[in-house]
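target18.txt follows; it contains compact mmCIF, N, CA and C atoms and all ligand atoms.
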# COMPACT_ATOMS: atom_id res chain seq x y z
N MET K 1 27.04 31.25 106.77
CA MET K 1 27.72 31.18 105.45
C MET K 1 29.11 31.77 105.56
N ARG K 2 29.16 32.97 106.15
CA ARG K 2 30.45 33.65 106.25
C ARG K 2 31.43 32.82 107.06
N SER K 3 30.98 32.24 108.19
CA SER K 3 31.91 31.51 109.04
C SER K 3 32.41 30.25 108.33
N ARG K 4 31.58 29.68 107.47
CA ARG K 4 32.02 28.49 106.75
C ARG K 4 33.20 28.84 105.84
N TRP K 5 33.11 29.99 105.19
CA TRP K 5 34.21 30.39 104.30
C TRP K 5 35.47 30.67 105.10
N ILE K 6 35.32 31.30 106.24
CA ILE K 6 36.49 31.62 107.04
C ILE K 6 37.16 30.32 107.49
N GLN K 7 36.33 29.36 107.92
CA GLN K 7 36.88 28.07 108.34
C GLN K 7 37.61 27.40 107.18
N GLY K 8 36.99 27.45 106.03
CA GLY K 8 37.58 26.81 104.86
C GLY K 8 38.92 27.42 104.54
N GLY K 9 39.00 28.74 104.62
CA GLY K 9 40.24 29.43 104.31
C GLY K 9 41.33 29.03 105.26
N ARG K 10 40.95 28.85 106.51
CA ARG K 10 41.93 28.50 107.52
C ARG K 10 42.47 27.09 107.27
N ARG K 11 41.56 26.18 106.95
CA ARG K 11 42.01 24.81 106.68
C ARG K 11 42.97 24.74 105.51
N CYS K 12 42.76 25.64 104.55
CA CYS K 12 43.59 25.60 103.36
C CYS K 12 45.04 25.93 103.64
N LEU K 13 45.31 26.54 104.78
CA LEU K 13 46.67 26.97 105.06
C LEU K 13 47.56 25.79 105.40
N PHE K 14 46.98 24.64 105.70
CA PHE K 14 47.79 23.54 106.20
C PHE K 14 47.93 22.40 105.21
N GLY K 15 49.17 22.18 104.83
CA GLY K 15 49.66 21.07 104.03
C GLY K 15 48.67 20.30 103.20
N SER K 16 48.46 19.04 103.57
CA SER K 16 47.70 18.14 102.70
C SER K 16 46.22 18.50 102.62
N ALA K 17 45.77 19.38 103.49
CA ALA K 17 44.36 19.78 103.45
C ALA K 17 44.07 20.66 102.23
N VAL K 18 45.12 21.20 101.63
CA VAL K 18 44.94 22.15 100.54
C VAL K 18 44.14 21.55 99.39
N LEU K 19 44.54 20.36 98.95
CA LEU K 19 43.90 19.74 97.78
C LEU K 19 42.44 19.42 98.10
N ALA K 20 42.21 18.77 99.24
CA ALA K 20 40.84 18.40 99.62
C ALA K 20 39.97 19.64 99.73
N CYS K 21 40.54 20.69 100.27
CA CYS K 21 39.79 21.92 100.46
C CYS K 21 39.44 22.53 99.11
N ALA K 22 40.38 22.55 98.21
CA ALA K 22 40.15 23.15 96.90
C ALA K 22 39.05 22.39 96.16
N ILE K 23 39.05 21.06 96.31
CA ILE K 23 38.04 20.25 95.64
C ILE K 23 36.67 20.48 96.29
N ALA K 24 36.67 20.50 97.62
CA ALA K 24 35.40 20.61 98.34
C ALA K 24 34.74 21.97 98.13
N LEU K 25 35.52 23.01 98.08
CA LEU K 25 34.92 24.35 98.08
C LEU K 25 35.10 25.10 96.77
N GLY K 26 35.81 24.53 95.83
CA GLY K 26 35.94 25.18 94.53
C GLY K 26 36.74 26.46 94.60
N SER K 27 36.10 27.56 94.91
CA SER K 27 36.77 28.84 94.87
C SER K 27 37.45 29.19 96.19
N CYS K 28 37.75 28.22 96.99
CA CYS K 28 38.38 28.46 98.29
C CYS K 28 39.65 29.28 98.15
N GLY K 29 39.88 30.16 99.11
CA GLY K 29 41.02 31.07 99.06
C GLY K 29 42.35 30.38 99.14
N GLY K 30 42.38 29.12 99.52
CA GLY K 30 43.65 28.42 99.59
C GLY K 30 44.15 27.99 98.23
N SER K 31 43.31 28.07 97.23
CA SER K 31 43.74 27.66 95.91
C SER K 31 44.82 28.61 95.41
N SER K 32 45.73 28.07 94.65
CA SER K 32 46.89 28.86 94.26
C SER K 32 46.69 29.60 92.95
N ASP K 33 47.33 30.72 92.87
CA ASP K 33 47.40 31.47 91.62
C ASP K 33 48.37 30.74 90.72
N SER K 34 47.97 30.39 89.53
CA SER K 34 48.84 29.58 88.66
C SER K 34 50.13 30.32 88.33
N SER K 35 50.13 31.63 88.37
CA SER K 35 51.33 32.37 87.98
C SER K 35 52.37 32.44 89.08
N GLY K 36 51.94 32.56 90.35
CA GLY K 36 52.95 32.76 91.38
C GLY K 36 52.77 31.98 92.65
N GLY K 37 51.70 31.21 92.81
CA GLY K 37 51.49 30.45 94.02
C GLY K 37 50.92 31.25 95.17
N ALA K 38 50.62 32.52 94.96
CA ALA K 38 50.02 33.33 96.03
C ALA K 38 48.57 32.93 96.20
N PRO K 39 48.05 32.94 97.44
CA PRO K 39 46.63 32.66 97.63
C PRO K 39 45.78 33.70 96.92
N VAL K 40 44.65 33.24 96.39
CA VAL K 40 43.75 34.13 95.65
C VAL K 40 42.52 34.44 96.49
N ILE K 41 42.21 35.71 96.62
CA ILE K 41 41.02 36.14 97.34
C ILE K 41 40.01 36.67 96.34
N GLN K 42 38.80 36.17 96.42
CA GLN K 42 37.75 36.63 95.50
C GLN K 42 37.10 37.88 96.07
N VAL K 43 37.14 38.96 95.31
CA VAL K 43 36.53 40.21 95.72
C VAL K 43 35.44 40.56 94.70
N THR K 44 34.20 40.65 95.17
CA THR K 44 33.11 41.00 94.26
C THR K 44 32.55 42.35 94.64
N GLU K 45 32.57 43.28 93.68
CA GLU K 45 32.02 44.61 93.89
C GLU K 45 30.69 44.72 93.18
N ARG K 46 29.74 45.36 93.84
CA ARG K 46 28.45 45.65 93.19
C ARG K 46 27.88 46.90 93.85
N ASP K 47 26.82 47.45 93.26
CA ASP K 47 26.16 48.62 93.84
C ASP K 47 25.30 48.14 95.01
N PHE K 48 25.59 48.45 96.25
CA PHE K 48 26.79 49.10 96.74
C PHE K 48 27.31 48.28 97.90
N ARG K 49 28.05 47.26 97.58
CA ARG K 49 28.68 46.44 98.61
C ARG K 49 29.91 45.75 98.02
N ILE K 50 30.72 45.21 98.94
CA ILE K 50 31.89 44.44 98.52
C ILE K 50 31.90 43.15 99.31
N ASP K 51 32.05 42.02 98.63
CA ASP K 51 32.18 40.73 99.30
C ASP K 51 33.60 40.21 99.11
N VAL K 52 34.19 39.72 100.21
CA VAL K 52 35.56 39.22 100.18
C VAL K 52 35.53 37.78 100.67
N SER K 53 36.11 36.86 99.90
CA SER K 53 36.10 35.45 100.29
C SER K 53 37.41 34.77 99.89
N PRO K 54 38.16 34.20 100.85
CA PRO K 54 37.88 34.26 102.29
C PRO K 54 38.27 35.62 102.86
N ALA K 55 37.78 35.93 104.05
CA ALA K 55 38.08 37.22 104.68
C ALA K 55 39.29 37.15 105.60
N HIS K 56 39.92 35.96 105.66
CA HIS K 56 41.17 35.79 106.41
C HIS K 56 42.20 35.18 105.48
N VAL K 57 43.46 35.63 105.61
CA VAL K 57 44.52 35.05 104.78
C VAL K 57 45.83 35.18 105.53
N ALA K 58 46.80 34.33 105.18
CA ALA K 58 48.12 34.44 105.81
C ALA K 58 48.89 35.61 105.21
N ALA K 59 49.77 36.20 105.99
CA ALA K 59 50.58 37.33 105.51
C ALA K 59 51.48 36.89 104.36
N GLY K 60 51.81 37.86 103.50
CA GLY K 60 52.69 37.60 102.37
C GLY K 60 52.04 38.07 101.08
N ASP K 61 52.46 37.46 99.97
CA ASP K 61 51.89 37.84 98.68
C ASP K 61 50.48 37.29 98.55
N VAL K 62 49.58 38.12 98.11
CA VAL K 62 48.18 37.75 97.95
C VAL K 62 47.69 38.32 96.62
N THR K 63 46.89 37.53 95.92
CA THR K 63 46.28 38.03 94.69
C THR K 63 44.80 38.27 94.93
N LEU K 64 44.37 39.49 94.68
CA LEU K 64 42.95 39.82 94.78
C LEU K 64 42.35 39.70 93.38
N GLN K 65 41.37 38.82 93.24
CA GLN K 65 40.66 38.70 91.97
C GLN K 65 39.39 39.51 92.10
N VAL K 66 39.35 40.64 91.42
CA VAL K 66 38.32 41.65 91.65
C VAL K 66 37.32 41.65 90.50
N ARG K 67 36.09 41.26 90.81
CA ARG K 67 35.03 41.23 89.79
C ARG K 67 34.06 42.37 90.05
N ASN K 68 33.78 43.14 89.04
CA ASN K 68 32.77 44.18 89.17
C ASN K 68 31.45 43.65 88.63
N ALA K 69 30.53 43.35 89.56
CA ALA K 69 29.22 42.81 89.17
C ALA K 69 28.24 43.93 88.81
N GLY K 70 28.71 45.20 88.90
CA GLY K 70 27.91 46.33 88.43
C GLY K 70 26.69 46.61 89.28
N PRO K 71 25.77 47.41 88.74
CA PRO K 71 25.75 47.94 87.37
C PRO K 71 26.63 49.18 87.14
N ASP K 72 27.23 49.74 88.18
CA ASP K 72 28.04 50.94 88.03
C ASP K 72 29.52 50.58 87.83
N ARG K 73 30.32 51.59 87.51
CA ARG K 73 31.77 51.43 87.50
C ARG K 73 32.26 51.46 88.95
N HIS K 74 33.32 50.68 89.26
CA HIS K 74 33.87 50.69 90.61
C HIS K 74 35.39 50.58 90.58
N GLU K 75 36.01 51.24 91.59
CA GLU K 75 37.44 51.11 91.78
C GLU K 75 37.66 50.31 93.06
N LEU K 76 38.93 50.06 93.39
CA LEU K 76 39.21 49.34 94.65
C LEU K 76 40.49 49.89 95.26
N LEU K 77 40.40 50.22 96.53
CA LEU K 77 41.59 50.64 97.28
C LEU K 77 41.76 49.69 98.46
N VAL K 78 43.01 49.42 98.80
CA VAL K 78 43.34 48.56 99.94
C VAL K 78 44.20 49.37 100.89
N ILE K 79 43.73 49.53 102.14
CA ILE K 79 44.52 50.30 103.11
C ILE K 79 44.54 49.57 104.45
N PRO K 80 45.62 49.76 105.24
CA PRO K 80 45.62 49.24 106.61
C PRO K 80 44.50 49.93 107.38
N TYR K 81 43.85 49.18 108.26
CA TYR K 81 42.69 49.76 108.94
C TYR K 81 42.65 49.32 110.40
N ALA K 82 42.82 50.29 111.29
CA ALA K 82 42.86 49.98 112.72
C ALA K 82 41.48 50.09 113.35
N GLY K 83 40.48 50.40 112.59
CA GLY K 83 39.12 50.56 113.12
C GLY K 83 38.77 52.03 113.28
N GLY K 84 37.53 52.27 113.58
CA GLY K 84 37.09 53.65 113.81
C GLY K 84 36.68 54.35 112.54
N ARG K 85 36.35 55.63 112.72
CA ARG K 85 35.87 56.43 111.58
C ARG K 85 37.04 56.90 110.73
N LEU K 86 36.84 56.91 109.43
CA LEU K 86 37.85 57.41 108.52
C LEU K 86 37.47 58.81 108.07
N PRO K 87 38.47 59.69 107.90
CA PRO K 87 38.17 61.09 107.57
C PRO K 87 37.65 61.28 106.15
N LEU K 88 36.68 62.18 106.02
CA LEU K 88 36.12 62.50 104.71
C LEU K 88 36.89 63.63 104.04
N SER K 89 36.84 63.66 102.72
CA SER K 89 37.37 64.80 101.95
C SER K 89 36.45 65.99 102.16
N PRO K 90 36.93 67.18 101.80
CA PRO K 90 36.08 68.36 101.90
C PRO K 90 34.77 68.23 101.11
N ASP K 91 34.77 67.43 100.05
CA ASP K 91 33.54 67.27 99.26
C ASP K 91 32.46 66.50 100.02
N GLY K 92 32.87 65.80 101.09
CA GLY K 92 31.89 65.06 101.89
C GLY K 92 31.37 63.79 101.23
N LEU K 93 31.90 63.45 100.06
CA LEU K 93 31.37 62.30 99.31
C LEU K 93 32.36 61.15 99.20
N THR K 94 33.62 61.42 99.59
CA THR K 94 34.66 60.40 99.48
C THR K 94 35.52 60.43 100.74
N LEU K 95 36.32 59.36 100.95
CA LEU K 95 37.30 59.39 102.03
C LEU K 95 38.50 60.20 101.57
N ASP K 96 39.18 60.82 102.52
CA ASP K 96 40.33 61.66 102.20
C ASP K 96 41.55 60.80 101.90
N GLU K 97 41.85 60.63 100.61
CA GLU K 97 42.91 59.72 100.20
C GLU K 97 44.30 60.25 100.53
N THR K 98 44.44 61.53 100.79
CA THR K 98 45.78 62.06 101.09
C THR K 98 46.32 61.47 102.40
N LEU K 99 45.42 61.01 103.26
CA LEU K 99 45.85 60.52 104.57
C LEU K 99 46.43 59.11 104.54
N PHE K 100 46.15 58.36 103.48
CA PHE K 100 46.73 57.02 103.42
C PHE K 100 47.46 56.76 102.11
N LYS K 101 47.80 57.82 101.41
CA LYS K 101 48.45 57.68 100.10
C LYS K 101 49.75 56.88 100.17
N ASN K 102 50.48 57.02 101.25
CA ASN K 102 51.79 56.36 101.33
C ASN K 102 51.75 55.00 102.03
N SER K 103 50.60 54.61 102.53
CA SER K 103 50.51 53.34 103.25
C SER K 103 49.62 52.33 102.54
N GLU K 104 49.21 52.68 101.34
CA GLU K 104 48.26 51.87 100.59
C GLU K 104 48.99 50.71 99.89
N PRO K 105 48.70 49.44 100.24
CA PRO K 105 49.39 48.34 99.57
C PRO K 105 49.02 48.22 98.09
N GLY K 106 47.84 48.70 97.70
CA GLY K 106 47.47 48.57 96.29
C GLY K 106 46.15 49.22 95.99
N SER K 107 45.91 49.47 94.68
CA SER K 107 44.62 50.03 94.27
C SER K 107 44.40 49.74 92.80
N LEU K 108 43.13 49.78 92.41
CA LEU K 108 42.74 49.61 91.01
C LEU K 108 41.89 50.79 90.60
N GLU K 109 42.12 51.32 89.41
CA GLU K 109 41.32 52.41 88.88
C GLU K 109 39.90 51.91 88.57
N PRO K 110 38.94 52.83 88.40
CA PRO K 110 37.57 52.41 88.10
C PRO K 110 37.50 51.49 86.87
N ALA K 111 36.64 50.47 86.96
CA ALA K 111 36.49 49.53 85.85
C ALA K 111 35.03 49.33 85.51
N GLN K 112 34.80 48.90 84.28
CA GLN K 112 33.44 48.69 83.78
C GLN K 112 32.78 47.50 84.47
N PRO K 113 31.44 47.53 84.60
CA PRO K 113 30.73 46.36 85.10
C PRO K 113 30.99 45.16 84.19
N GLY K 114 31.09 43.99 84.81
CA GLY K 114 31.36 42.78 84.03
C GLY K 114 32.83 42.45 83.95
N SER K 115 33.69 43.38 84.36
CA SER K 115 35.12 43.14 84.25
C SER K 115 35.65 42.36 85.45
N THR K 116 36.75 41.63 85.22
CA THR K 116 37.46 40.96 86.31
C THR K 116 38.93 41.31 86.17
N ARG K 117 39.51 41.78 87.27
CA ARG K 117 40.92 42.16 87.24
C ARG K 117 41.65 41.53 88.41
N ARG K 118 42.98 41.47 88.31
CA ARG K 118 43.78 40.93 89.39
C ARG K 118 44.68 42.01 89.95
N LEU K 119 44.79 42.03 91.27
CA LEU K 119 45.67 42.98 91.95
C LEU K 119 46.56 42.18 92.90
N SER K 120 47.87 42.24 92.67
CA SER K 120 48.81 41.55 93.54
C SER K 120 49.29 42.51 94.61
N VAL K 121 49.19 42.07 95.87
CA VAL K 121 49.62 42.90 96.99
C VAL K 121 50.45 42.06 97.95
N ARG K 122 51.34 42.72 98.67
CA ARG K 122 52.10 42.04 99.74
C ARG K 122 51.58 42.60 101.06
N LEU K 123 50.99 41.75 101.87
CA LEU K 123 50.31 42.21 103.08
C LEU K 123 51.00 41.71 104.34
N ALA K 124 51.33 42.64 105.23
CA ALA K 124 51.84 42.31 106.56
C ALA K 124 50.63 41.96 107.44
N PRO K 125 50.89 41.24 108.56
CA PRO K 125 49.77 40.91 109.44
C PRO K 125 49.04 42.16 109.91
N GLY K 126 47.72 42.07 110.00
CA GLY K 126 46.93 43.21 110.45
C GLY K 126 45.56 43.20 109.81
N HIS K 127 44.83 44.28 110.03
CA HIS K 127 43.50 44.43 109.46
C HIS K 127 43.57 45.41 108.29
N TYR K 128 42.85 45.10 107.24
CA TYR K 128 42.82 45.95 106.05
C TYR K 128 41.38 46.26 105.67
N LEU K 129 41.24 47.40 105.03
CA LEU K 129 39.93 47.79 104.50
C LEU K 129 40.02 47.84 102.98
N LEU K 130 39.09 47.16 102.34
CA LEU K 130 38.96 47.23 100.89
C LEU K 130 37.73 48.09 100.62
N PHE K 131 37.88 49.11 99.79
CA PHE K 131 36.72 49.97 99.55
C PHE K 131 36.78 50.62 98.18
N CYS K 132 35.62 51.12 97.77
CA CYS K 132 35.52 51.89 96.54
C CYS K 132 35.33 53.34 96.95
N ASN K 133 36.16 54.24 96.39
CA ASN K 133 36.10 55.64 96.81
C ASN K 133 35.53 56.55 95.72
N MET K 134 34.76 55.99 94.82
CA MET K 134 34.05 56.85 93.87
C MET K 134 32.95 57.57 94.65
N GLU K 135 32.53 58.72 94.15
CA GLU K 135 31.65 59.60 94.93
C GLU K 135 30.44 58.89 95.52
N GLY K 136 30.39 58.86 96.86
CA GLY K 136 29.25 58.30 97.56
C GLY K 136 29.27 56.79 97.74
N HIS K 137 30.18 56.09 97.06
CA HIS K 137 30.12 54.63 97.09
C HIS K 137 30.51 54.05 98.44
N PHE K 138 31.55 54.62 99.09
CA PHE K 138 31.93 54.13 100.42
C PHE K 138 30.77 54.32 101.39
N MET K 139 30.18 55.50 101.38
CA MET K 139 29.07 55.80 102.30
C MET K 139 27.86 54.91 102.03
N ALA K 140 27.71 54.49 100.78
CA ALA K 140 26.57 53.65 100.44
C ALA K 140 26.80 52.19 100.85
N GLY K 141 28.03 51.87 101.30
CA GLY K 141 28.26 50.51 101.81
C GLY K 141 29.37 49.74 101.13
N MET K 142 30.11 50.40 100.21
CA MET K 142 31.14 49.66 99.49
C MET K 142 32.46 49.59 100.24
N SER K 143 32.48 48.75 101.29
CA SER K 143 33.73 48.47 101.99
C SER K 143 33.63 47.09 102.60
N ALA K 144 34.79 46.47 102.82
CA ALA K 144 34.85 45.15 103.45
C ALA K 144 36.20 45.02 104.13
N GLN K 145 36.24 44.23 105.18
CA GLN K 145 37.50 44.05 105.89
C GLN K 145 38.17 42.73 105.52
N LEU K 146 39.49 42.77 105.53
CA LEU K 146 40.30 41.57 105.30
C LEU K 146 41.27 41.46 106.47
N VAL K 147 41.30 40.28 107.11
CA VAL K 147 42.19 40.07 108.24
C VAL K 147 43.37 39.23 107.77
N VAL K 148 44.59 39.75 107.98
CA VAL K 148 45.80 39.07 107.56
C VAL K 148 46.52 38.55 108.79
N GLY K 149 46.69 37.25 108.86
CA GLY K 149 47.31 36.61 110.03
C GLY K 149 48.81 36.51 109.84
N PRO K 150 49.54 36.17 110.92
CA PRO K 150 50.99 36.07 110.85
C PRO K 150 51.42 34.86 110.00
CU CU K 201 32.05 51.93 93.61
Can you give me the file's structure in the form of structure tokens?
Amino acid sequence: MRSRWIQGGRRCLFGSAVLACAIALGSCGGSSDSSGGAPVIQVTERDFRIDVSPAHVAAGDVTLQVRNAGPDRHELLVIPYAGGRLPLSPDGLTLDETLFKNSEPGSLEPAQPGSTRRLSVRLAPGHYLLFCNMEGHFMAGMSAQLVVGP
């Protein structure tokens, strides 16, 4: 399932395939944001996981459409991620946000279950981590990777 979405996202990057792809897959990441033409990535948060579709996108302006499927409140942070373990705060329940405060392309404050919000970010090529940093949520599994190509 996951590889099918990744393939679909890749096909959407090329010219005339965009329309066919959008029709075939509906919520394909190649579909354009009506306001600015940036590709839209569907991000679904729930207790306790995050799904990102597609998980690959071209560098540049990207719109994250973030749905909180609940049942808890969730926030979203986007940070560059080179892999490996991320440092915890002294409380032991969250990641230490002071370490990536200046490199964070974007974030959303906690939102109610059932809500859908949009976050516009400009992403350089690389790997990114999307996660919720409310107490215990990252450790419980609320993170997902997004790969941004050149
Ligand atoms: Cu959360």
Protein, DNA and RNA residues within 8 Å of (41.0, 44.5, 110.4), all atoms listed in the file, as an MDAnalysis selection string: chainID K and resid 80:83 126:129 144:148
Distance in Å - atom CA of K:Phe138 versus atom CA of K:Ala38: 27.9 Å
Surrounding residues as a list of chain:residue names, ligand CU 201 (chain K), max 6.5 Å, only N, CA and C atoms and all ligand atoms: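 My answer, listing the contacting residues, is K:Asp72, K:Arg73, K:His74, K:Glu75, K:Cys132, K:Asn133, K:Met134, K:His137, K:Phe138, K:Met142.
Atom C of K:Ala55 lies 17.7 Å from atom N of K:Ser107.
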Distance in Å - atom N of K:Ser143 versus atom CA of K:Pro54: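 Separation between atom N of K:Ser143 and atom CA of K:Pro54: 15.5 Å.
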Within-6.5 Å shell of (33.4, 44.5, 86.0) in input frame, all atoms listed in the file, as a count of residues only: 10
Close residues, K:Leu86 itself excluded, 8 Å, all atoms listed in the file, min 4 positions apart in chain, as a ChimeraX atom specification: /K:94-96
Export N, CA and C atoms of the chosen residues as a PDB file, in the coordinates of the input?
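So the final result, stored in selection-v6.pdb, reads:
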ATOM      1  N   THR K  94      33.620  61.420  99.590  1.00  0.00           N
ATOM      2  CA  THR K  94      34.660  60.400  99.480  1.00  0.00           C
ATOM      3  C   THR K  94      35.520  60.430 100.740  1.00  0.00           C
ATOM      4  N   LEU K  95      36.320  59.360 100.950  1.00  0.00           N
ATOM      5  CA  LEU K  95      37.300  59.390 102.030  1.00  0.00           C
ATOM      6  C   LEU K  95      38.500  60.200 101.570  1.00  0.00           C
ATOM      7  N   ASP K  96      39.180  60.820 102.520  1.00  0.00           N
ATOM      8  CA  ASP K  96      40.330  61.660 102.200  1.00  0.00           C
ATOM      9  C   ASP K  96      41.550  60.800 101.900  1.00  0.00           C
TER      10      ASP K  96
END
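With distances restricted to only C-alpha atoms, K:Pro110 is the closest residue to K:Leu76 from K:Gly92, K:Pro110, K:Gly60, K:Pro105.
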K:Arg117 environment, 6 Å, all atoms listed in the file, sequence neighbours closer than 5 positions dropped, as number ranges by chain: K: 64-67
Residue set, stretch 25-150 of chain K restricted to strand (DSSP E), as a ChimeraX atom specification: /K:40-46,49-53,56-58,60-68,74-80,106-111,116-123,126-131,143-149
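Distances from K:Gly141, K:Pro90, K:Gly37, K:Pro125 to K:Ala59 were compared using all atoms listed in the file, and the smallest one belongs to K:Pro125.
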